[in-house]
Amino acid sequence: MPSSYSAIACSVTSDIRHHGAQLPPDNGRRDLTEVVLGESERLLSAPIEATADCVKDRGRLAILEVRRGRSGNG
């Protein structure tokens with residue numbers, strides 16, 4: 001994966017972790033943030049291909065997981 005994709009992924013993850021950690025412990029959005037980050041890590045643990053399509057596919061997976069969590073079907 002080109003270093004720019006890795007840098008973007010690290011930056012986005014860092015931002016999500018930072019903002020999620022600032023939410024009160026009893027806030028449901030904090031719980032959702034932790035679930036999304038955990039599921040994203042699990043989904044993204046598959047081998048990475050150095051292609052834009054791979055990055056797009058991984059982004060789609062993460063979005064689907066978030067939507068699934070919001071609908072209560074998970």
# chains A, B, ... in the order shown; residues from 1 in each chain; ligands from 1
call {"tool": "residues_around", "arguments": {"residues": "range 16-18 of chain A", "least_positions_apart": "5", "cutoff": "10 Å", "atoms": "only C-alpha atoms", "output": "PDB file with C-alpha atoms, in the first residue's frame"}}
result
ATOM      1  CA  CYS A  10      -3.510   6.277  10.402  1.00  0.00           C
ATOM      2  CA  SER A  11      -4.684   9.887  10.530  1.00  0.00           C
ATOM      3  CA  LEU A  23     -16.995  11.358  24.874  1.00  0.00           C
ATOM      4  CA  ARG A  30     -18.415   6.231  22.502  1.00  0.00           C
ATOM      5  CA  THR A  33     -16.852   4.299  18.154  1.00  0.00           C
ATOM      6  CA  GLU A  34     -15.125   1.448  19.973  1.00  0.00           C
ATOM      7  CA  VAL A  36     -16.481   0.436  14.719  1.00  0.00           C
ATOM      8  CA  LEU A  37     -12.744   0.673  15.403  1.00  0.00           C
TER       9      LEU A  37
END
call {"tool": "residues_around", "arguments": {"residues": "Ser40 in chain A", "least_positions_apart": "2", "cutoff": "10 Å", "atoms": "only C-alpha atoms", "output": "MDAnalysis selection string"}}
result
chainID A and resid 13 34:38 42:45 58:59 61:63 65:66
call {"tool": "write_last_selection", "arguments": {"atoms": "C-alpha atoms", "output": "mmCIF file, in the first residue's frame"}}
result
data_model
loop_
_atom_site.group_PDB
_atom_site.id
_atom_site.type_symbol
_atom_site.label_atom_id
_atom_site.label_comp_id
_atom_site.auth_asym_id
_atom_site.auth_seq_id
_atom_site.Cartn_x
_atom_site.Cartn_y
_atom_site.Cartn_z
ATOM 1 C CA THR A 13 -8.044 6.238 12.880
ATOM 2 C CA GLU A 34 -15.125 1.448 19.973
ATOM 3 C CA VAL A 35 -17.179 -1.149 18.100
ATOM 4 C CA VAL A 36 -16.481 0.436 14.719
ATOM 5 C CA LEU A 37 -12.744 0.673 15.403
ATOM 6 C CA GLY A 38 -12.633 -2.935 16.596
ATOM 7 C CA ARG A 42 -10.762 -7.135 12.306
ATOM 8 C CA LEU A 43 -11.967 -6.558 8.749
ATOM 9 C CA LEU A 44 -8.790 -4.814 7.700
ATOM 10 C CA SER A 45 -6.498 -7.494 9.075
ATOM 11 C CA ARG A 58 -11.999 -1.684 2.753
ATOM 12 C CA GLY A 59 -13.764 1.644 3.172
ATOM 13 C CA LEU A 61 -16.653 -2.747 4.392
ATOM 14 C CA ALA A 62 -16.219 -0.313 7.260
ATOM 15 C CA ILE A 63 -19.238 1.758 6.145
ATOM 16 C CA GLU A 65 -20.404 -2.378 9.380
ATOM 17 C CA VAL A 66 -21.348 1.053 10.731
#
call {"tool": "closest_residue", "arguments": {"among": "A:Arg29, A:Lys56, A:His19, A:Glu41", "to": "Gly69 in chain A", "atoms": "only C-alpha atoms"}}
result
A:Arg29
call {"tool": "decode", "arguments": {"residues": "range 13-24 of chain A", "atoms": "all heavy atoms", "output": "PDB file, in the first residue's frame"}}
result
ATOM      1  N   THR A  13      -7.894   7.075  11.691  1.00  0.00           N
ATOM      2  CA  THR A  13      -8.044   6.238  12.880  1.00  0.00           C
ATOM      3  C   THR A  13      -7.688   7.019  14.132  1.00  0.00           C
ATOM      4  O   THR A  13      -8.393   6.956  15.145  1.00  0.00           O
ATOM      5  CB  THR A  13      -7.160   4.983  12.773  1.00  0.00           C
ATOM      6  OG1 THR A  13      -7.550   4.252  11.608  1.00  0.00           O
ATOM      7  CG2 THR A  13      -7.292   4.099  13.980  1.00  0.00           C
ATOM      8  N   SER A  14      -6.611   7.774  14.069  1.00  0.00           N
ATOM      9  CA  SER A  14      -6.186   8.581  15.210  1.00  0.00           C
ATOM     10  C   SER A  14      -7.254   9.612  15.581  1.00  0.00           C
ATOM     11  O   SER A  14      -7.561   9.794  16.762  1.00  0.00           O
ATOM     12  CB  SER A  14      -4.863   9.271  14.891  1.00  0.00           C
ATOM     13  OG  SER A  14      -4.480  10.106  15.941  1.00  0.00           O
ATOM     14  N   ASP A  15      -7.813  10.265  14.572  1.00  0.00           N
ATOM     15  CA  ASP A  15      -8.866  11.257  14.825  1.00  0.00           C
ATOM     16  C   ASP A  15     -10.085  10.614  15.479  1.00  0.00           C
ATOM     17  O   ASP A  15     -10.651  11.152  16.433  1.00  0.00           O
ATOM     18  CB  ASP A  15      -9.296  11.940  13.524  1.00  0.00           C
ATOM     19  CG  ASP A  15      -8.269  12.920  12.998  1.00  0.00           C
ATOM     20  OD1 ASP A  15      -7.303  13.230  13.729  1.00  0.00           O
ATOM     21  OD2 ASP A  15      -8.427  13.379  11.849  1.00  0.00           O
ATOM     22  N   ILE A  16     -10.489   9.454  14.970  1.00  0.00           N
ATOM     23  CA  ILE A  16     -11.655   8.766  15.527  1.00  0.00           C
ATOM     24  C   ILE A  16     -11.386   8.360  16.968  1.00  0.00           C
ATOM     25  O   ILE A  16     -12.227   8.550  17.848  1.00  0.00           O
ATOM     26  CB  ILE A  16     -12.035   7.551  14.664  1.00  0.00           C
ATOM     27  CG1 ILE A  16     -12.555   8.025  13.310  1.00  0.00           C
ATOM     28  CG2 ILE A  16     -13.082   6.682  15.371  1.00  0.00           C
ATOM     29  CD1 ILE A  16     -12.738   6.921  12.296  1.00  0.00           C
ATOM     30  N   ARG A  17     -10.224   7.799  17.221  1.00  0.00           N
ATOM     31  CA  ARG A  17      -9.870   7.398  18.595  1.00  0.00           C
ATOM     32  C   ARG A  17      -9.855   8.617  19.524  1.00  0.00           C
ATOM     33  O   ARG A  17     -10.370   8.568  20.636  1.00  0.00           O
ATOM     34  CB  ARG A  17      -8.515   6.707  18.632  1.00  0.00           C
ATOM     35  CG  ARG A  17      -8.531   5.316  18.110  1.00  0.00           C
ATOM     36  CD  ARG A  17      -7.216   4.605  18.397  1.00  0.00           C
ATOM     37  NE  ARG A  17      -7.051   3.434  17.589  1.00  0.00           N
ATOM     38  CZ  ARG A  17      -7.691   2.293  17.768  1.00  0.00           C
ATOM     39  NH1 ARG A  17      -8.555   2.172  18.739  1.00  0.00           N
ATOM     40  NH2 ARG A  17      -7.482   1.265  16.975  1.00  0.00           N
ATOM     41  N   HIS A  18      -9.263   9.706  19.059  1.00  0.00           N
ATOM     42  CA  HIS A  18      -9.149  10.917  19.873  1.00  0.00           C
ATOM     43  C   HIS A  18     -10.533  11.461  20.240  1.00  0.00           C
ATOM     44  O   HIS A  18     -10.827  11.732  21.403  1.00  0.00           O
ATOM     45  CB  HIS A  18      -8.338  11.971  19.125  1.00  0.00           C
ATOM     46  CG  HIS A  18      -8.327  13.307  19.786  1.00  0.00           C
ATOM     47  ND1 HIS A  18      -7.588  13.577  20.915  1.00  0.00           N
ATOM     48  CD2 HIS A  18      -9.002  14.450  19.483  1.00  0.00           C
ATOM     49  CE1 HIS A  18      -7.805  14.832  21.284  1.00  0.00           C
ATOM     50  NE2 HIS A  18      -8.646  15.378  20.433  1.00  0.00           N
ATOM     51  N   HIS A  19     -11.377  11.629  19.234  1.00  0.00           N
ATOM     52  CA  HIS A  19     -12.706  12.198  19.484  1.00  0.00           C
ATOM     53  C   HIS A  19     -13.584  11.232  20.280  1.00  0.00           C
ATOM     54  O   HIS A  19     -14.359  11.657  21.137  1.00  0.00           O
ATOM     55  CB  HIS A  19     -13.378  12.603  18.178  1.00  0.00           C
ATOM     56  CG  HIS A  19     -12.713  13.774  17.524  1.00  0.00           C
ATOM     57  ND1 HIS A  19     -12.746  15.043  18.048  1.00  0.00           N
ATOM     58  CD2 HIS A  19     -11.966  13.868  16.401  1.00  0.00           C
ATOM     59  CE1 HIS A  19     -12.060  15.870  17.283  1.00  0.00           C
ATOM     60  NE2 HIS A  19     -11.570  15.173  16.265  1.00  0.00           N
ATOM     61  N   GLY A  20     -13.460   9.947  20.010  1.00  0.00           N
ATOM     62  CA  GLY A  20     -14.228   8.956  20.762  1.00  0.00           C
ATOM     63  C   GLY A  20     -13.841   8.946  22.232  1.00  0.00           C
ATOM     64  O   GLY A  20     -14.697   8.818  23.112  1.00  0.00           O
ATOM     65  N   ALA A  21     -12.563   9.100  22.514  1.00  0.00           N
ATOM     66  CA  ALA A  21     -12.083   9.090  23.895  1.00  0.00           C
ATOM     67  C   ALA A  21     -12.562  10.307  24.680  1.00  0.00           C
ATOM     68  O   ALA A  21     -12.626  10.266  25.910  1.00  0.00           O
ATOM     69  CB  ALA A  21     -10.560   9.023  23.916  1.00  0.00           C
ATOM     70  N   GLN A  22     -12.924  11.372  23.990  1.00  0.00           N
ATOM     71  CA  GLN A  22     -13.398  12.574  24.673  1.00  0.00           C
ATOM     72  C   GLN A  22     -14.876  12.507  25.046  1.00  0.00           C
ATOM     73  O   GLN A  22     -15.356  13.332  25.824  1.00  0.00           O
ATOM     74  CB  GLN A  22     -13.127  13.800  23.799  1.00  0.00           C
ATOM     75  CG  GLN A  22     -11.648  14.081  23.658  1.00  0.00           C
ATOM     76  CD  GLN A  22     -11.380  15.356  22.885  1.00  0.00           C
ATOM     77  OE1 GLN A  22     -12.281  16.127  22.583  1.00  0.00           O
ATOM     78  NE2 GLN A  22     -10.122  15.588  22.582  1.00  0.00           N
ATOM     79  N   LEU A  23     -15.582  11.517  24.523  1.00  0.00           N
ATOM     80  CA  LEU A  23     -16.995  11.358  24.874  1.00  0.00           C
ATOM     81  C   LEU A  23     -17.109  10.766  26.274  1.00  0.00           C
ATOM     82  O   LEU A  23     -16.247   9.999  26.698  1.00  0.00           O
ATOM     83  CB  LEU A  23     -17.688  10.437  23.866  1.00  0.00           C
ATOM     84  CG  LEU A  23     -17.804  10.975  22.441  1.00  0.00           C
ATOM     85  CD1 LEU A  23     -18.234   9.856  21.495  1.00  0.00           C
ATOM     86  CD2 LEU A  23     -18.785  12.132  22.391  1.00  0.00           C
ATOM     87  N   PRO A  24     -18.177  11.095  26.993  1.00  0.00           N
ATOM     88  CA  PRO A  24     -18.369  10.518  28.327  1.00  0.00           C
ATOM     89  C   PRO A  24     -18.478   8.988  28.240  1.00  0.00           C
ATOM     90  O   PRO A  24     -18.989   8.457  27.256  1.00  0.00           O
ATOM     91  CB  PRO A  24     -19.696  11.116  28.795  1.00  0.00           C
ATOM     92  CG  PRO A  24     -19.927  12.311  27.938  1.00  0.00           C
ATOM     93  CD  PRO A  24     -19.241  12.038  26.638  1.00  0.00           C
TER      94      PRO A  24
END
